[in-house]
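Peer 1: For reference, the structure I am asking about is given below.
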Amino acid sequence: MSAEDNKDEKKKKKVGFFKRAFGFKSKEEKLAEAAALKAEQQAEVDAQMAERMAAINAAALKAAREQDEAHLNEAEKARIEEQERKQAETQAKEDTKTAKRLVEEKREREETAKRKAEEDAARAKEEAEEAKRLAAEKRDREKAEAEEITRLKAAEEKAAKEAAKQAKQASEKLAKLEKLEKLEKEGAKLAKAKEVAKEIAEETAKLRAEAKAAKIAQAEEAARLKAEREQVERAAAKRRETEKLAAKQAAAEKAEAERLSAEQATRDEAKREELKAQLIKEQAEREEKARQERKVWEAEQAELLKTEREQGFLGRISKGLSKSTTQMSDNISAVFNKRKLDAEALEDLEDLLIAADFGVGPATRTAELLAKDRFDKQVTDTEIKIALADVIAEVLTPLEKPIILTGAKPEIMLFVGVNGSGKTTTLGKIAKRYTDEGKKVMMAAGDTFRAAAVEQLQIWGERAGAPVVSAPLGADASGLVYDAISRAKAEDVDILMIDTAGRLQNRTELMDELAKIVRVIKKQDDTAPHHSILVLDATVGQNALLQTEAFQKTAGITGLIMTKLDGTAKGGVLVALADKFKLPIHAIGIGERIEDLENFSAPVFAAALSGIADAVVDVS
Ligand SMILES: Nc1nc2c(ncn2[C@@H]2O[C@H](COP(=O)(O)OP(=O)(O)OP(=O)(O)O)[C@@H](O)[C@H]2O)c(=O)[nH]1
Ligand SMILES: [Mg+2]
């Protein structure tokens with residue numbers, strides 16, 4: 001007997017027991033027992049639900065763990081590398097600044113030293129010239145003084161000679177006179193002789209007087225000359241003394257200046273050393289600060305990683321899908337809490353699911369699935385949600401396909417969709433993943449239509465580290481695409497991602513332009529585009545079905561990416577889309593950040609969208 005049969009048998013036994021018991025009990029007791037029976041039945045239903053939840057849980061967790069590990073590791077690694085790169089950049093900038101400052105300071109010091117040396121040399125030259133000039137002056141002065149002294153000496157000598165000559169003349173005259181006097185004394189007889197003698201006497205007296213006067217004058221002149229010479233000699237001696245003193249003073253001043261300059265140099269050197277020490281200290285402090293900041297950042301990152309791990313992939317998707325989930329969950333809870341699943345209730349459920357954009361097929365299938373086991377029985381909202389998750393997973397699982405590279409070179413990916421659906425953002429997010437894997441990616445700004453579209457793509461190009469090929473605003477988009485493919489081929493690019501302008505599916509001329517782009521791509525490589533990805537905005541709800549139909553016709557869509565699932569209550573439309581077009585679903589966008597793109601996982605999406613993710617997480 002199987003376990004299921006066993007349960008049924010037990011149930012029958014219990015029911016039999018309760019039926020027998022009812023005949024002997026009071027009304028209250030019977031009601032109490034009926035309630036106990038119901039509770040027991042409910043417990044069994046809950047046990048069955050738990051089993052199914054566990055199955056979903058297993059699938060969800062497997063996918064979650066695989067994606068979580070890969071994605072978080074990659075994202076984390078990229079984040080850490082980015083942070084390290086930024087820190088290294090900042091450090092390098094700091095180092096360059098410091099090195100520049102040190103070089104600048106060294107240059108300033110050298111310039112100051114050079115200037116000082118030049119000034120010293122100029123001063124030394126000036127001093128040497130001044131000394132030469134003074135020496136020449138001194139020489140001239142001394143020569144003039146010597147000449148003056150010589151001249152004065154010569155004058156003295158001449159005066160002495162003159163005096164001697166005159167004295168001699170006077171003494172000769174005196175001798176002559178004495179001879180004449182003697183002649184007179186000896187009795188010269190002639191009066192004439194007397195007269196002559198008288199004349200001679202007068203002459204002699206005159207001569208004597210003259211001689212005396214001359215002698216006096218000569219003595220005076222000699223004395224004057226001597227005094228003058230002595231004065232000149234004294235002045236010279238005094239000047240020599242003054243010069244000696246001045247030289248002494250200058251030497252002392254020079255020594256003092258040298259001492260001061262040496263002191264200043266010592267002080268400057270000390271200041272330089274102090275500055276150097278200060279710079280080294282500041283550098284060490286900066287490094288320490290950066291180390292501390294990095295430690296804090298690492299701790300934060302570890303914490304973040306831990307939280308993200310704990311929260312898990314399923315948690316993140318649930319958070320992203322919370323609007324869709326909450327609304328639908330609330331509706332189901334409001335309508336179905338412990339309600340009997342009759343035809344009317346099933347109709348209500350179908351209406352509710354159709355209103356939540358799930359599409360008629362999936363809505364009907366969910367109702368059928370529930371009716372199969374639970375028709376005319378009471379159902380809880382959790383049972384409904386689990387049945388819904390089953391149907392969602394059933395529809396979506398075959399379409400859960402990440403982008404698989406074909407190996408073409410370049411692999412050409414075309415991103416199409418209506419205005420603002422998230423083409424550029426999604427292209428950027430995917431490009432970053434590929435460049436992180438080491439692939440050579442190039443972007444083509446095929447949106448030549450909207451102002452600032454090129455700049456927007458360029459920002460993503462910078463983030464992803466991929467070059468962007470662009471053309472001026474208004475240029476022919478297919479021409480740009482043609483050039484981009486040629487360039488990608490020439491530069492050995494692995495993946496060329498082509499962004500296109502947003503276009504509403506009912507604008508024929510714009511859809512024709514897209515068809516032309518596809519034709520031009522095929523001219524360069526008839527197997528391309530290898531991926532023609534339709535980016536759909538989940539917030540448009542049912543309109544996504546019309547968009548998919550139109551773009552599939554024009555651009556041969558190979559896969560879907562649905563964005564903005566984080567901002568809408570219309571996530572159910574993905575189920576309707578999948579049910580109708582059966583196109584591969586590559587990824588879903590659940591936010592604007594680079595990491596807010598997740599590979600699509602049907603069980604995870606089913607659990608998150610149907611609102612049983614919390615239960616699944618709890619079970620784990
Ligand atoms: N919340 C949320 N916002 C998104 C998501 N994907 C894209 N966006 C935002 O949607 C807006 C439009 O995105 P784009 O990437 O410029 O869309 P587009 O399709 O390139 O737009 P056009 O080139 O004008 O046709 C931007 O503000 C994006 O940040 C997503 O998954 N979630
Ligand atoms: Mg765009």
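As shown in the structure tokens, the chain order sets the letters A, B, ...; within each chain, residues go from 1, and ligands are also counted from 1 in the order they appear.
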Need the shell around stretch 456-464 of chain A: protein/DNA/RNA residues with any atom at most 7 Å away, counting only C-alpha atoms. Skip same-chain ones fewer than 6 positions apart. Format as a PyMOL selection string?
Peer 2: chain A and resi 424+428+431-432+435+445
Peer 1: Hey, could you make a per-residue contact list for chain A against ligand 2 with 12 Å as the cut-off, showing the nearest pair of atoms and its distance in Å to one decimal, counting only C-alpha atoms and all ligand atoms, sorted by chain and number, as a tab-separated table?
Peer 2:
residue	atom	partner	partner_atom_place_in_ligand_line	distance
A:Phe415	CA	ligand 2	1 (Mg)	9.3
A:Val416	CA	ligand 2	1 (Mg)	9.2
A:Gly417	CA	ligand 2	1 (Mg)	9.2
A:Val418	CA	ligand 2	1 (Mg)	9.4
A:Asn419	CA	ligand 2	1 (Mg)	7.5
A:Gly420	CA	ligand 2	1 (Mg)	6.6
A:Ser421	CA	ligand 2	1 (Mg)	8.1
A:Gly422	CA	ligand 2	1 (Mg)	6.7
A:Lys423	CA	ligand 2	1 (Mg)	5.4
A:Thr424	CA	ligand 2	1 (Mg)	4.2
A:Thr425	CA	ligand 2	1 (Mg)	7.2
A:Thr426	CA	ligand 2	1 (Mg)	9.3
A:Leu427	CA	ligand 2	1 (Mg)	9.0
A:Gly428	CA	ligand 2	1 (Mg)	10.1
A:Ala444	CA	ligand 2	1 (Mg)	11.4
A:Ala445	CA	ligand 2	1 (Mg)	8.8
A:Gly446	CA	ligand 2	1 (Mg)	9.0
A:Asp447	CA	ligand 2	1 (Mg)	6.7
A:Thr448	CA	ligand 2	1 (Mg)	10.0
A:Phe449	CA	ligand 2	1 (Mg)	9.8
A:Arg450	CA	ligand 2	1 (Mg)	8.2
A:Ala451	CA	ligand 2	1 (Mg)	10.3
A:Ala452	CA	ligand 2	1 (Mg)	9.3
A:Ala453	CA	ligand 2	1 (Mg)	5.9
A:Val454	CA	ligand 2	1 (Mg)	8.5
A:Glu455	CA	ligand 2	1 (Mg)	10.2
A:Gln456	CA	ligand 2	1 (Mg)	7.6
A:Leu457	CA	ligand 2	1 (Mg)	7.5
A:Gln458	CA	ligand 2	1 (Mg)	11.2
A:Ile459	CA	ligand 2	1 (Mg)	11.9
A:Trp460	CA	ligand 2	1 (Mg)	10.9
A:Ile498	CA	ligand 2	1 (Mg)	10.5
A:Asp499	CA	ligand 2	1 (Mg)	6.7
A:Thr500	CA	ligand 2	1 (Mg)	6.7
A:Ala501	CA	ligand 2	1 (Mg)	6.0
A:Gly502	CA	ligand 2	1 (Mg)	6.4
A:Arg503	CA	ligand 2	1 (Mg)	10.2
A:Val535	CA	ligand 2	1 (Mg)	10.5
Peer 1: Please write the residues from the selection above to a file, keeping C-alpha atoms, as a JSON list (two decimals), in the first residue's frame.
Peer 2:
[["chain", "number", "residue", "atom", "x", "y", "z"],
["A", 415, "PHE", "CA", 18.99, 45.93, -29.26],
["A", 416, "VAL", "CA", 15.53, 47.05, -30.35],
["A", 417, "GLY", "CA", 12.38, 48.28, -28.68],
["A", 418, "VAL", "CA", 10.05, 51.20, -28.22],
["A", 419, "ASN", "CA", 11.11, 54.56, -26.80],
["A", 420, "GLY", "CA", 12.48, 54.45, -23.29],
["A", 421, "SER", "CA", 12.10, 50.70, -22.85],
["A", 422, "GLY", "CA", 15.64, 50.44, -21.46],
["A", 423, "LYS", "CA", 17.64, 49.41, -24.55],
["A", 424, "THR", "CA", 20.67, 51.58, -23.86],
["A", 425, "THR", "CA", 20.74, 50.78, -20.14],
["A", 426, "THR", "CA", 20.39, 47.05, -20.73],
["A", 427, "LEU", "CA", 23.03, 47.09, -23.47],
["A", 428, "GLY", "CA", 25.38, 48.85, -21.03],
["A", 444, "ALA", "CA", 27.62, 51.27, -31.92],
["A", 445, "ALA", "CA", 25.46, 54.31, -31.23],
["A", 446, "GLY", "CA", 22.76, 53.45, -33.78],
["A", 447, "ASP", "CA", 20.42, 55.97, -32.16],
["A", 448, "THR", "CA", 21.30, 58.93, -34.37],
["A", 449, "PHE", "CA", 17.87, 60.31, -33.75],
["A", 450, "ARG", "CA", 17.57, 61.47, -30.15],
["A", 451, "ALA", "CA", 19.75, 64.28, -28.82],
["A", 452, "ALA", "CA", 22.13, 63.06, -26.09],
["A", 453, "ALA", "CA", 21.66, 59.40, -27.07],
["A", 454, "VAL", "CA", 25.34, 59.18, -28.05],
["A", 455, "GLU", "CA", 26.49, 60.75, -24.78],
["A", 456, "GLN", "CA", 24.29, 58.33, -22.83],
["A", 457, "LEU", "CA", 25.86, 55.37, -24.59],
["A", 458, "GLN", "CA", 29.31, 56.83, -24.14],
["A", 459, "ILE", "CA", 28.76, 56.91, -20.38],
["A", 460, "TRP", "CA", 27.95, 53.22, -20.49],
["A", 498, "ILE", "CA", 24.30, 47.91, -31.54],
["A", 499, "ASP", "CA", 22.00, 50.36, -29.78],
["A", 500, "THR", "CA", 19.06, 51.60, -31.84],
["A", 501, "ALA", "CA", 16.66, 54.49, -31.55],
["A", 502, "GLY", "CA", 13.41, 53.84, -29.74],
["A", 503, "ARG", "CA", 10.50, 53.45, -32.16],
["A", 535, "VAL", "CA", 13.87, 45.12, -24.76]]
Peer 1: Using only C-alpha atoms, what table do you get, as a tab-separated table, when you list each residue of stretch 245-339 of chain A with an atom no more than 10 Å from stretch 225-241 of chain A, its nearest pair of atoms, and their distance in Å rounded to one decimal, rows by chain then rising number?
Peer 2:
residue	atom	partner	partner_atom	distance
A:Leu245	CA	A:Glu241	CA	6.1
A:Ala246	CA	A:Glu241	CA	8.5
A:Ala247	CA	A:Glu241	CA	9.7
Peer 1: Quick one: everything within 8 Å of A:Leu574, counting only C-alpha atoms, minus sequence neighbours fewer than 3 positions away in the same chain. Send it as a ChimeraX atom specification.
Peer 2: /A:358,538,562,571,577-578
Peer 1: Let me see the file: selected residues, N, CA and C atoms, as an mmCIF file, in the first residue's frame.
Peer 2:
data_model
loop_
_atom_site.group_PDB
_atom_site.id
_atom_site.type_symbol
_atom_site.label_atom_id
_atom_site.label_comp_id
_atom_site.auth_asym_id
_atom_site.auth_seq_id
_atom_site.Cartn_x
_atom_site.Cartn_y
_atom_site.Cartn_z
ATOM 1 N N PHE A 358 -1.651 38.198 -16.633
ATOM 2 C CA PHE A 358 -1.079 36.869 -16.871
ATOM 3 C C PHE A 358 -1.519 36.262 -18.202
ATOM 4 N N ALA A 538 8.270 46.519 -18.686
ATOM 5 C CA ALA A 538 7.163 45.784 -18.068
ATOM 6 C C ALA A 538 5.989 46.683 -17.712
ATOM 7 N N MET A 562 13.071 41.804 -20.251
ATOM 8 C CA MET A 562 12.027 42.679 -19.731
ATOM 9 C C MET A 562 12.618 43.536 -18.614
ATOM 10 N N GLY A 571 4.092 42.744 -13.716
ATOM 11 C CA GLY A 571 5.079 41.702 -14.027
ATOM 12 C C GLY A 571 4.463 40.480 -14.666
ATOM 13 N N LEU A 577 3.268 36.889 -22.354
ATOM 14 C CA LEU A 577 4.160 36.978 -23.509
ATOM 15 C C LEU A 577 4.771 35.627 -23.833
ATOM 16 N N ALA A 578 5.290 34.995 -22.783
ATOM 17 C CA ALA A 578 5.940 33.697 -22.961
ATOM 18 C C ALA A 578 4.944 32.700 -23.516
#
Peer 1: Do you have the atom CA of A:Val481-atom CA of A:His530 distance handy?
Peer 2: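 Distance between the two atoms: 14.5 Å.
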Peer 1: If you run DSSP on the backbone, which residues of stretch 230-440 of chain A are strand (DSSP E or B), as number ranges by chain?
Peer 2: A: 339-340, 378-379, 400, 411-416
